[in-house]
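Undergrad: So that we are looking at the same thing, I have put the structure below in structure tokens.
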Amino acid sequence: MAKPGSRHHRVLIVGGGAAGLTVAHLLLRLQPQLDLALLEPSADHYYQPGWTLVGGGLCSLEQTRRDQASLIPKGCLWIQAAATEFKPAQNQLLISTGETLSYDVLIIATGLRCRWEQIKGLPQALGSHGICSNYSPQYASYSWETIRNFQGGTAIFTVPETAIKCGGAPQKVMYMADDYFKAKSGVGVNTEVLFCTAGSTMFAVPAYGRVMAQLALRRGIKLLLRHKLIEVLAEQQLAVFEVSDQAGNVSRKEFGFDMLHVVPPMTAPDVVANSPLASAEAGGWVDVDKFSTQHRRYANVFALGDVASLPTAKTAGSARAAAPVTAANVLAFLGGQPLLAQYDGYSVCPIISGYGRVVMAEFDYSKQPVSSFLVDPTKERWSMWLLKTRLLPWLYWQRMLKGLPHEGRYLKPLAPLVHWLRLDYRANPQDLEPQAETSEGCS
Ligand SMILES: Cc1cc2nc3c(=O)[nH]c(=O)nc-3n(C[C@H](O)[C@H](O)[C@H](O)COP(=O)(O)OP(=O)(O)OC[C@H]3O[C@@H](n4cnc5c(N)ncnc54)[C@H](O)[C@@H]3O)c2cc1C
């Protein structure tokens with residue numbers, strides 16, 4: 001790791017996760033001499049989509065980890081510290097070493113923060129009494145331990161009311177668990193699986209929401225909408241929910257459980273949420289233009305990834321699609337040129353619907369299904385399972401994090417032919433109704 005030298009950088013990226021690293025590589029590919037620094041406190045980088053595979057017993061946590069040092073592009077100064085205060089009016093920020101950094105352009109990519117503490121009793125309870133979560137590297141392997149040791153009873157899978165990263169992940173673990181319970185003799189028949197979401201749909205994109213609700217009901221899973229987990233009583237194995245009806249009346253309900261997979265509420269990290277970069281109007285996220293990814297008040301600030309207010313799902317797939325736009329617009333801004341690159345809100349959420357099956361949910365700001373593979377994306381497919389479990393991890397490490405383009409571009413020129421042959425997906429007319437914009441992710 002290089003020591004922080006210059007206190008001023010032409011471009012400063014805050015956060016070296018999926019979004020920050022991708023944009024760092026892209027910037028240096030486009031302008032190798034750029035004075036670029038990356039602020040990232042952690043020595044470990046995790047492929048977070050892999051935590052679903054850890055929780056499903058398909059790989060170890062260590063297989064989802066790399067040394068951060070091995071991923072920083074050559075020519076980029078790594079400052080191993082955290083941002084502690086943003087002062088965008090002065091083009092400055094304070095960092096955990098006590099130093100002040102200044103910049104010409106700032107890119108915010110800090111990701112989000114899981115708010116375990118917002119559910120009473122949860123922080124102490126996680127990792128015991130069948131209470132697990134794939135959203136924590138510490139507890140993802142306990143999900144698999146809980147599934148494997150499950151002897152029947154009630155298994156509950158929750159979704160909070162806030163935006164979350166990868167809105168499909170709370171379902172993925174549930175379908176794998178349900179498959180496992182049904183395959184294990186005597187367990188499936190004695191088991192009730194409950195999907196308790198604080199929201200009112202299974203997925204924010206209606207076409208996928210309907211498909212997933214049908215799949216869940218066909219499996220005999222009980223869907224409980226507007227059920228918000230507020231408390232966990234570990235010893236008694238009780239989960240307490242705040243339940244609201246459509247008229248807005250709120251009541252309290254308790255469920256006993258034998259397994260409880262919790263997805264916590266999520267917000268921007270405090271240092272971002274309490275800064276002038278975030279706004280209430282942008283839901284507490286960094287307030288950027290949804291097409292250019294440029295800040296709406298500070299022209300030399302850009303944001304992408306989970307922390308940005310972009311009204312699409314918070315996934316590594318959307319960070320991959322937004323990064324070339326941010327990189328191009330940052331360089332245009334530095335060169336005094338107009339910002340021409342535009343992000344269309346593309347996001348992808350490979351929803352594992354059982355061992356060996358995936359619904360590759362792709363969509364954009366229009367909230368309509370799209371497919372990079374020129375097939376109906378609302379169908380469960382084994383080919384997409386192979387893609388999710390084998391190819392996507394490789395693409396993440398070897399292509400995305402190196403700033404290399406997505407292979408989907410090779411298929412794009414074939415699209416007119418596929419349309420002409422009518423082999424591609426056509427949305428149902430009701431799916432084409434305009435949807436209200438939301439930054440709720442795909443929960
Ligand atoms: C269980 C699970 C399953 C998922 N499945 C999928 C999937 O199938 N497909 C998909 O596309 N996405 C999936 N995701 C979502 C995906 O991992 C995230 O959307 C993606 O990692 C977001 O990238 P990011 O760079 O914005 O944030 P992160 O990758 O979280 O990186 C943020 C970085 O910022 C750093 N940071 C934080 N605060 C500061 C600070 N103050 N100063 C400096 N640095 C800071 C952190 O240390 C971190 O390295 C999944 C996530 C989870 C948890």
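Ligands are numbered from 1 in the order shown, chains are lettered A, B, ... in the order of the structure tokens, and residues start at 1 in each chain.
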Could you list, as number ranges by chain, all the residues within 6 Å of ligand 1, counting only C-alpha atoms and all ligand atoms?

TA: A: 14-20, 39-42, 48-49, 51-52, 82-84, 109-111, 134-135, 165-166, 169, 305-307, 314-317, 348-350

Undergrad: Which of these, A:Gln68, A:Ile352, A:Leu36, A:Arg29, has the shortest distance to Gln171 (chain A) once you count only C-alpha atoms?

TA: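 Nearest candidate to Gln171 (chain A) out of A:Gln68, A:Ile352, A:Leu36, A:Arg29: A:Ile352.
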
Undergrad: Any chance you could list, as an MDAnalysis selection string, the residues in region 166-306 of chain A that come up helix (DSSP H, G or I) when DSSP is run on the backbone?

TA: chainID A and resid 169:183 188:190 206:218 270:273 305:306

Undergrad: From region 121-154 of chain A, collect each residue whose DSSP state is strand (DSSP E or B) and return the set as a PyMOL selection string.

TA: chain A and resi 131-132+153-154

Undergrad: Which distance in Å separates CA of His25 (chain A) and CA of Ala303 (chain A), to one decimal?

TA: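 Here the two named atoms are 15.7 Å from each other.
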
Undergrad: Of the candidates A:Leu34, A:Leu224, A:Ala299, A:Val159, which one gets nearest to Phe333 (chain A) if we count only C-alpha atoms?

TA: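 Of A:Leu34, A:Leu224, A:Ala299, A:Val159, the one nearest Phe333 (chain A) is A:Ala299, counting only C-alpha atoms.
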
Undergrad: Which is closer to Arg10 (chain A) than all the others in A:Val189, A:Ala43, A:Val105, A:Ala81, using only C-alpha atoms?

TA: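 Smallest separation from Arg10 (chain A) among the options: A:Val105.
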
Undergrad: If you count only C-alpha atoms, which residues fall within 7 Å of region 255-264 of chain A, apart from same-chain ones fewer than 6 positions away, as a PDB file with C-alpha atoms, in the first residue's frame?

TA:
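Written file, selection.pdb:
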```pdb
ATOM      1  CA  CYS A 114     -26.784  -2.691   7.438  1.00  0.00           C
ATOM      2  CA  ARG A 115     -28.731  -1.451  10.455  1.00  0.00           C
ATOM      3  CA  TRP A 116     -28.891  -4.623  12.553  1.00  0.00           C
ATOM      4  CA  GLY A 130     -31.451 -20.596  14.197  1.00  0.00           C
ATOM      5  CA  ILE A 131     -31.197 -16.808  13.631  1.00  0.00           C
ATOM      6  CA  CYS A 132     -29.034 -16.140  10.577  1.00  0.00           C
ATOM      7  CA  SER A 133     -28.409 -13.749   7.700  1.00  0.00           C
ATOM      8  CA  TYR A 135     -26.175 -10.196   4.552  1.00  0.00           C
ATOM      9  CA  THR A 146     -29.145 -23.821  10.216  1.00  0.00           C
ATOM     10  CA  GLY A 153     -41.060 -26.560  12.144  1.00  0.00           C
ATOM     11  CA  THR A 154     -41.371 -22.944  11.024  1.00  0.00           C
ATOM     12  CA  ALA A 155     -38.778 -21.219   8.848  1.00  0.00           C
ATOM     13  CA  ILE A 156     -39.223 -17.453   8.435  1.00  0.00           C
ATOM     14  CA  PHE A 157     -37.527 -15.228   5.846  1.00  0.00           C
ATOM     15  CA  THR A 158     -37.856 -11.454   6.311  1.00  0.00           C
ATOM     16  CA  VAL A 159     -37.487  -8.294   4.208  1.00  0.00           C
ATOM     17  CA  PRO A 160     -37.319  -4.800   5.807  1.00  0.00           C
ATOM     18  CA  PRO A 170     -34.020 -12.685   0.743  1.00  0.00           C
ATOM     19  CA  GLN A 237     -37.453 -18.260  19.352  1.00  0.00           C
ATOM     20  CA  LEU A 238     -40.111 -15.616  18.787  1.00  0.00           C
ATOM     21  CA  ALA A 239     -40.176 -13.039  15.985  1.00  0.00           C
ATOM     22  CA  VAL A 240     -42.287  -9.924  16.568  1.00  0.00           C
TER      23      VAL A 240
END
```

Undergrad: Counting only C-alpha atoms, which residue out of A:Ala268, A:Val359, A:Ala341, A:Leu28 sits closest to Pro377 (chain A)?

TA: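 Closest to Pro377 (chain A), using only C-alpha atoms: A:Val359.
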
Undergrad: Near region 206-217 of chain A, counting only C-alpha atoms, which residues have an atom at most 8 Å away, once you skip same-chain residues fewer than 3 positions from it, shown as a PyMOL selection string?

TA: chain A and resi 201-203+220-223+353+361+367-369+378+431

Undergrad: Generate the output file for the selected residues, C-alpha atoms, as a short mmCIF file (atom, residue, chain, number, x, y, z; two decimals), in the first residue's frame.

TA:
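The resulting file, result_12.cif, is shown below:
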```cif
data_model
loop_
_atom_site.label_atom_id
_atom_site.label_comp_id
_atom_site.auth_asym_id
_atom_site.auth_seq_id
_atom_site.Cartn_x
_atom_site.Cartn_y
_atom_site.Cartn_z
CA THR A 201 -44.89 -7.05 -3.40
CA MET A 202 -42.32 -9.82 -3.88
CA PHE A 203 -40.21 -7.71 -6.25
CA GLY A 220 -46.63 -23.88 -0.60
CA ILE A 221 -44.75 -20.90 0.85
CA LYS A 222 -46.97 -18.48 2.80
CA LEU A 223 -46.55 -14.86 1.64
CA SER A 353 -35.48 -20.12 -7.37
CA ALA A 361 -34.24 -10.65 -13.55
CA LYS A 367 -39.10 -1.20 -14.78
CA GLN A 368 -39.63 -3.51 -17.75
CA PRO A 369 -37.88 -6.86 -18.15
CA THR A 378 -39.08 -14.23 -16.52
CA ASP A 431 -46.21 -4.89 -17.87
#
```

Undergrad: Applying 12 Å and only C-alpha atoms, which residues near Cys59 (chain A) remain after dropping the ones on its own chain fewer than 6 positions away? List them as a list in words.

TA: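 Surrounding residues, per the criterion: Tyr47, Pro49, Gly50, Trp51, Thr52, Leu53, Arg65, Ala140, Ser141, Trp144, Thr389, Arg390 and Pro393 of chain A.
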